[in-house]
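Enquirer: Okay, handing you the structure first.
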Number of protein chains: 2
Amino acid sequence: MKNVIISDATLRDGSHAIAHQLTKENIAEYAKAADKAGIPIVEVGHGNGLGASSVQVGLSLLSDVEMLETARENLTRSKLGIHVIPGFATVRKDLEVAFKLGVDVVRVASHCTEADVTERHISATREHGKEAYGVLMMSHMASKEVLLDEGLKMQSYGAEALIIMDSAGAYLPDDVEDRISHLVANLNIPVGFHAHNNLGMGIANSLTALKAGAQLLDGAARGFGAGAGNAQLEVLVAVLEKMGYHTGIELYPLLDAADLVEKKIMKVVPSISSSSLVSGLAGVFSAFSKHVAAAAKEYGVDPRDIFFELGRRRVVGGQEDKIVEVAMELRDGKVRGAHAE
Amino acid sequence: MKNVIISDATLRDGSHAIAHQLTKENIAEYAKAADKAGIPIVEVGHGNGLGASSVQVGLSLLSDVEMLETARENLTRSKLGIHVIPGFATVRKDLEVAFKLGVDVVRVASHCTEADVTERHISATREHGKEAYGVLMMSHMASKEVLLDEGLKMQSYGAEALIIMDSAGAYLPDDVEDRISHLVANLNIPVGFHAHNNLGMGIANSLTALKAGAQLLDGAARGFGAGAGNAQLEVLVAVLEKMGYHTGIELYPLLDAADLVEKKIMKVVPSISSSSLVSGLAGVFSAFSKHVAAAAKEYGVDPRDIFFELGRRRVVGGQEDKIVEVAMELRDGKVRGAHAE
């Protein structure tokens with residue numbers, strides 16, 4: 001029986017879906033439920049991680065300190081994890097506070113081609129005796145060779161695992177197999193996979209990653225996350241156990257945790273809307289949906305054409321200004337609907 | 001490029017999710033949208049098919065004649081399909097009326113071990129010059145050898161394709177591969193697959209069926225169907241086209257059809273609730289959920305234990321009385337929670 005380490009992104013990636021408005025009660029109740037179910041790692045925080053709360057990407061209801069303290073008080077056997085993007089989180093101001101608050105696992109993340117920026121955060125984590133994972137976001141935008149180069153950097157900085165994220169939900173199983181098997185064959189550290197469900201492949205891609213040699217999987221209870229959501233944690237665990245993998249997580253308490261999220265934390269149950277589907281096909285962040293809808297309306301163009309053109313231009317998070325630019329060019333006939341071509 | 005024939009169950013399997021209350025406007029608008037998108041076959045009717053409207057399984061808002069007439073008026077290039085379960089639908093009273101109303105494809109269905117009952121309906125369909133498919137429901141309850149025996153019967157009756165349904169959403173990809181490849185290797189007619197999403201595998205299992213040699217796939221727009229819903233049609237088509245298959249369906253009009261279902265026909269977007277997940281794990285009809293929840297409350301037992309025990313006893317649709325029986329036995333300690341053992 002093969003072991004799989006499950007990392008639970010509910011209280012971090014789920015924050016995106018409720019504009020980072022997690023309450024103390026949400027965190028306390030869910031952390032308690034996850035701990036009872038025996039989930040190995042529970043991530044907590046702003047959707048964009050430590051230090052990210054801001055007018056630009058959205059203000060959290062609670063401070064990082066409040067969120068981490070609340071989670072810490074309610075976790076007895078699950079490890080407390082955080083998502084850390086250098087640029088948002090500084091070592092001195094943010095990370096060292098998190099260490100003092102009892103964080104166990106620090107997942108240091110960068111865009112898939114920018115592992116360089118993670119060196120100081122990974123090494124500081126190791127120096128403080130905490131577990132450090134490297135995370136490559138929007139990984140569908142890089143080839144397996146590039147992902148390996150970036151992963152090797154993270155490994156050299158001291159990362160104890162490498163997670164690749166399908167942030168746009170753009171992968172099909174063959175893409176996952178190709179990348180994960182290449183990373184597993186060439187890294188000395190365990191490899192993990194973080195799925196989104198835009199093409200309906202959240203669970204299937206996670207299983208494919210395991211078959212290709214991955215040892216860690218991320219999920220979120222009830223799929224809690226922006227747009228089409230994440231790999232649905234309780235479905236993932238149930239399917240893994242049915243297939244003979246060992247997660248150490250108990251089914252009924254896990255279902256109780258998922259029911260809690262549905263009834264008390266999420267506003268809308270994630271599903272694959274036309275917009276989420278198109279953003280997955282285009283390989284664009286789902287979180288662009290609201291901006292795209294607004295620009296489409298303002299300039300009288302098809303939002304789906306905007307998504308496909310943004311994908312063609314390889315636009316990433318932080319380049320939201322490109323949305324209006326593309327909408328205007330579509331209106332003026334400077335570009336044609338990308339998918340119609 | 002390999003062709004795939006898509007059959008659209010939205011206006012038939014979706015009926016289950018709204019207690020068979022499809023309106024004329026629903027049918028007219030969706031049929032028009034599906035036709036515009038170029039969907040090859042559009043199924044219409046009561047969730048349990050022709051002649052099924054009754055107090056026992058639920059009364060349709062419209063008669064079969066009203067539903068089929070409305071659909072027929074709005075389909076110019078899509079074929080009009082119906083689901084027919086002998087026992088509900090008679091040849092003389094129901095099928096012959098449907099032929100006169102211009103039905104093109106008759107999908108004659110039975111429980112996976114009862115193909116014998118389909119002979120008269122399949123042969124009558126062929127005699128009237130219409131296309132006849134054989135359909136085996138709850139197919140996870142039979143081995144591939146049994147499915148082949150039943151499929152060979154349907155083929156001998158004149159069925160021009162065999163569809164196996166994962167009515168409980170219980171399959172994982174290996175199960176699908178095993179059964180479909182065995183059927184494809186041993187039948188002379190095309191094989192198809194009808195997925196449900198209880199284990200999050202609706203799209204992935206459909207792709208697996210194709211790789212194993214299936215040539216027909218069912219789906220429903222926005223996943224419209226009971227519980228966790230069906231394979232989500234627009235996601236399925238988009239993924240197939242991305243993988244190089246040819247469906248003949250246009251993406252944007254298909255997305256418009258899905259948006260129509262979400263905004264004007266469905267009450268709740270399908271998703272994988274704890275109850276749907278457990279019914280999939282147990283291999284029990286999702287449509288039992290409401291009865292199970294009621295019995296669990298009345299007898300003070302865990303609804304999840306009821307599902308697992310129903311699965312262990314291989315209970316199928318029509319045996320709803322077993323639900324209360326199991327609930328009482330759980331309360332009295334005569335059986336233990338099946339999953340806890």
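We label chains A, B, ... in the order they appear in the structure tokens, count residues from 1 in each chain, and number ligands from 1 in the order shown.
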What's the 8 Å shell around stretch 84-90 of chain A, counting only C-alpha atoms, without same-chain residues fewer than 4 positions away, as an mmCIF file with C-alpha atoms, in the first residue's frame?
Expert:
```
data_model
loop_
_atom_site.group_PDB
_atom_site.id
_atom_site.type_symbol
_atom_site.label_atom_id
_atom_site.label_comp_id
_atom_site.auth_asym_id
_atom_site.auth_seq_id
_atom_site.Cartn_x
_atom_site.Cartn_y
_atom_site.Cartn_z
ATOM 1 C CA ASN A 48 -2.027 34.785 -2.094
ATOM 2 C CA GLY A 49 -0.286 33.756 1.104
ATOM 3 C CA LEU A 50 1.594 35.394 3.915
ATOM 4 C CA GLY A 51 1.872 39.183 3.777
ATOM 5 C CA ALA A 52 -0.353 39.423 0.701
ATOM 6 C CA ASP A 94 6.526 38.072 7.919
ATOM 7 C CA LEU A 95 8.289 34.711 7.970
ATOM 8 C CA VAL A 106 6.371 26.674 4.665
ATOM 9 C CA ARG A 107 5.419 26.352 1.003
ATOM 10 C CA VAL A 108 7.553 28.924 -0.826
ATOM 11 C CA ALA A 109 6.016 29.688 -4.225
ATOM 12 C CA SER A 110 6.995 31.507 -7.390
ATOM 13 C CA VAL A 117 13.305 34.547 -5.883
ATOM 14 C CA THR A 118 12.643 31.725 -3.399
ATOM 15 C CA HIS A 121 12.754 32.225 2.077
#
```
Enquirer: Would you please extract all alpha helix (DSSP H) residues from stretch 21-167 of chain A, as assigned by DSSP on the backbone, and give them as a PyMOL selection string?
Expert: chain A and resi 24-37+64-74+96-100+119-127+144-157
Enquirer: Please identify every residue of chain B that has at least one atom no more than 8 Å from any atom of chain A, counting only C-alpha atoms, and report them as an MDAnalysis selection string.
Expert: chainID B and resid 199:204 222 235 238:239 255 258:259 269:274 277 281
Enquirer: Next, dump the selected residues to file, keeping only N, CA, C and O atoms, as a short mmCIF file (atom, residue, chain, number, x, y, z; two decimals), in the first residue's frame.
Expert:
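Result file follows (out.cif):
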```cif
data_model
loop_
_atom_site.label_atom_id
_atom_site.label_comp_id
_atom_site.auth_asym_id
_atom_site.auth_seq_id
_atom_site.Cartn_x
_atom_site.Cartn_y
_atom_site.Cartn_z
N LEU B 199 -17.90 10.28 -8.24
CA LEU B 199 -16.50 10.18 -7.78
C LEU B 199 -15.61 11.20 -8.52
O LEU B 199 -14.39 11.07 -8.51
N GLY B 200 -16.24 12.19 -9.14
CA GLY B 200 -15.47 13.24 -9.81
C GLY B 200 -14.83 12.77 -11.11
O GLY B 200 -13.93 13.43 -11.63
N MET B 201 -15.29 11.63 -11.63
CA MET B 201 -14.63 11.01 -12.79
C MET B 201 -15.48 11.06 -14.06
O MET B 201 -15.20 10.34 -15.02
N GLY B 202 -16.51 11.91 -14.09
CA GLY B 202 -17.40 11.95 -15.25
C GLY B 202 -16.65 12.17 -16.56
O GLY B 202 -16.87 11.44 -17.54
N ILE B 203 -15.79 13.16 -16.60
CA ILE B 203 -15.05 13.46 -17.83
C ILE B 203 -13.95 12.42 -18.04
O ILE B 203 -13.79 11.87 -19.14
N ALA B 204 -13.19 12.15 -17.00
CA ALA B 204 -12.05 11.22 -17.13
C ALA B 204 -12.51 9.83 -17.55
O ALA B 204 -11.87 9.20 -18.41
N ARG B 222 -24.03 21.52 -18.50
CA ARG B 222 -23.85 21.95 -17.10
C ARG B 222 -23.95 20.78 -16.13
O ARG B 222 -24.15 20.99 -14.93
N VAL B 235 -17.89 20.64 -21.13
CA VAL B 235 -16.52 20.33 -20.71
C VAL B 235 -16.00 19.13 -21.51
O VAL B 235 -14.89 19.15 -22.05
N ALA B 238 -15.28 20.20 -25.14
CA ALA B 238 -14.09 21.06 -25.22
C ALA B 238 -12.82 20.25 -25.03
O ALA B 238 -11.83 20.44 -25.75
N VAL B 239 -12.85 19.33 -24.07
CA VAL B 239 -11.67 18.51 -23.81
C VAL B 239 -11.41 17.56 -24.98
O VAL B 239 -10.26 17.38 -25.42
N LEU B 255 -21.58 26.48 -25.42
CA LEU B 255 -21.49 27.20 -24.14
C LEU B 255 -22.77 28.02 -23.92
O LEU B 255 -23.26 28.12 -22.79
N ALA B 258 -25.29 25.70 -22.58
CA ALA B 258 -25.03 25.39 -21.16
C ALA B 258 -25.44 26.55 -20.27
O ALA B 258 -26.03 26.36 -19.19
N ASP B 259 -25.15 27.76 -20.72
CA ASP B 259 -25.55 28.94 -19.94
C ASP B 259 -27.08 29.02 -19.81
O ASP B 259 -27.61 29.40 -18.76
N VAL B 269 -27.02 23.93 -9.41
CA VAL B 269 -25.94 23.39 -10.24
C VAL B 269 -25.43 22.10 -9.59
O VAL B 269 -25.13 22.11 -8.40
N PRO B 270 -25.36 21.01 -10.33
CA PRO B 270 -24.89 19.75 -9.73
C PRO B 270 -23.48 19.89 -9.16
O PRO B 270 -22.63 20.57 -9.73
N SER B 271 -23.25 19.24 -8.05
CA SER B 271 -21.91 19.20 -7.46
C SER B 271 -21.85 17.92 -6.62
O SER B 271 -22.86 17.27 -6.40
N ILE B 272 -20.64 17.59 -6.16
CA ILE B 272 -20.48 16.33 -5.44
C ILE B 272 -20.63 16.57 -3.94
O ILE B 272 -19.67 16.90 -3.25
N SER B 273 -21.84 16.43 -3.44
CA SER B 273 -22.10 16.56 -2.00
C SER B 273 -21.58 15.30 -1.32
O SER B 273 -21.30 14.29 -1.97
N SER B 274 -21.47 15.35 0.01
CA SER B 274 -21.06 14.15 0.76
C SER B 274 -21.98 12.99 0.44
O SER B 274 -21.53 11.85 0.28
N LEU B 277 -21.23 11.57 -3.00
CA LEU B 277 -19.96 10.85 -2.95
C LEU B 277 -20.15 9.46 -2.35
O LEU B 277 -19.71 8.45 -2.89
N LEU B 281 -19.58 5.75 -3.88
CA LEU B 281 -18.69 4.76 -3.26
C LEU B 281 -19.43 3.46 -3.00
O LEU B 281 -18.88 2.36 -3.14
#
```
Enquirer: Tell me which of A:His140, A:His291, A:Arg312, A:His20 sits closest to A:Val324, counting only C-alpha atoms.
Expert: A:His291
Enquirer: Just the residues within 10 Å of A:Ala327, please, counting only C-alpha atoms, with nothing from its chain fewer than 5 positions along; format it as a PyMOL selection string.
Expert: chain A and resi 292+294-303+305-307+309-310+322+332-333+335
Enquirer: Would you mind listing what lies within 8 Å of A:Gly213 as a list in words, with only C-alpha atoms counted and same-chain residues fewer than 3 positions away left out?
Expert: Ile180, Ser181, Val184, Val191, Ala209 and Leu210 of chain A
Enquirer: Please dump the current selection as a PDB file, in the first residue's frame; keep all heavy atoms.
Expert:
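Saved file selection24.pdb follows:
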```
ATOM      1  N   ILE A 180       5.321  15.325 -14.366  1.00  0.00           N
ATOM      2  CA  ILE A 180       5.619  14.718 -13.066  1.00  0.00           C
ATOM      3  C   ILE A 180       6.672  13.614 -13.214  1.00  0.00           C
ATOM      4  O   ILE A 180       7.623  13.543 -12.425  1.00  0.00           O
ATOM      5  CB  ILE A 180       4.333  14.146 -12.421  1.00  0.00           C
ATOM      6  CG1 ILE A 180       3.359  15.285 -12.086  1.00  0.00           C
ATOM      7  CG2 ILE A 180       4.674  13.310 -11.185  1.00  0.00           C
ATOM      8  CD1 ILE A 180       3.704  16.119 -10.879  1.00  0.00           C
ATOM      9  N   SER A 181       6.542  12.774 -14.220  1.00  0.00           N
ATOM     10  CA  SER A 181       7.503  11.663 -14.334  1.00  0.00           C
ATOM     11  C   SER A 181       8.917  12.195 -14.595  1.00  0.00           C
ATOM     12  O   SER A 181       9.891  11.641 -14.082  1.00  0.00           O
ATOM     13  CB  SER A 181       7.071  10.664 -15.411  1.00  0.00           C
ATOM     14  OG  SER A 181       6.983  11.307 -16.653  1.00  0.00           O
ATOM     15  N   VAL A 184      10.137  13.545 -11.182  1.00  0.00           N
ATOM     16  CA  VAL A 184      10.410  12.446 -10.248  1.00  0.00           C
ATOM     17  C   VAL A 184      11.718  11.753 -10.609  1.00  0.00           C
ATOM     18  O   VAL A 184      12.520  11.403  -9.737  1.00  0.00           O
ATOM     19  CB  VAL A 184       9.233  11.439 -10.250  1.00  0.00           C
ATOM     20  CG1 VAL A 184       9.604  10.146  -9.518  1.00  0.00           C
ATOM     21  CG2 VAL A 184       7.991  12.074  -9.621  1.00  0.00           C
ATOM     22  N   VAL A 191       7.923  14.811  -5.088  1.00  0.00           N
ATOM     23  CA  VAL A 191       7.218  15.732  -5.977  1.00  0.00           C
ATOM     24  C   VAL A 191       5.733  15.709  -5.631  1.00  0.00           C
ATOM     25  O   VAL A 191       5.189  14.661  -5.247  1.00  0.00           O
ATOM     26  CB  VAL A 191       7.450  15.329  -7.450  1.00  0.00           C
ATOM     27  CG1 VAL A 191       6.595  16.157  -8.402  1.00  0.00           C
ATOM     28  CG2 VAL A 191       8.936  15.472  -7.794  1.00  0.00           C
ATOM     29  N   ALA A 209      -0.923  12.090 -11.493  1.00  0.00           N
ATOM     30  CA  ALA A 209       0.324  12.535 -10.860  1.00  0.00           C
ATOM     31  C   ALA A 209       0.883  11.440  -9.954  1.00  0.00           C
ATOM     32  O   ALA A 209       2.086  11.145  -9.981  1.00  0.00           O
ATOM     33  CB  ALA A 209       0.088  13.822 -10.072  1.00  0.00           C
ATOM     34  N   LEU A 210       0.011  10.820  -9.174  1.00  0.00           N
ATOM     35  CA  LEU A 210       0.462   9.732  -8.283  1.00  0.00           C
ATOM     36  C   LEU A 210       1.063   8.582  -9.065  1.00  0.00           C
ATOM     37  O   LEU A 210       2.110   8.054  -8.711  1.00  0.00           O
ATOM     38  CB  LEU A 210      -0.712   9.180  -7.481  1.00  0.00           C
ATOM     39  CG  LEU A 210      -1.122   9.883  -6.213  1.00  0.00           C
ATOM     40  CD1 LEU A 210      -2.063   8.995  -5.438  1.00  0.00           C
ATOM     41  CD2 LEU A 210       0.074  10.266  -5.349  1.00  0.00           C
TER      42      LEU A 210
END
```
Enquirer: Write down as a ChimeraX atom specification the residues belonging to stretch 41-113 of chain B that are assigned strand (DSSP E or B) by DSSP computed on the backbone.
Expert: /B:41-44,54,58,79-84,86,89,105-111
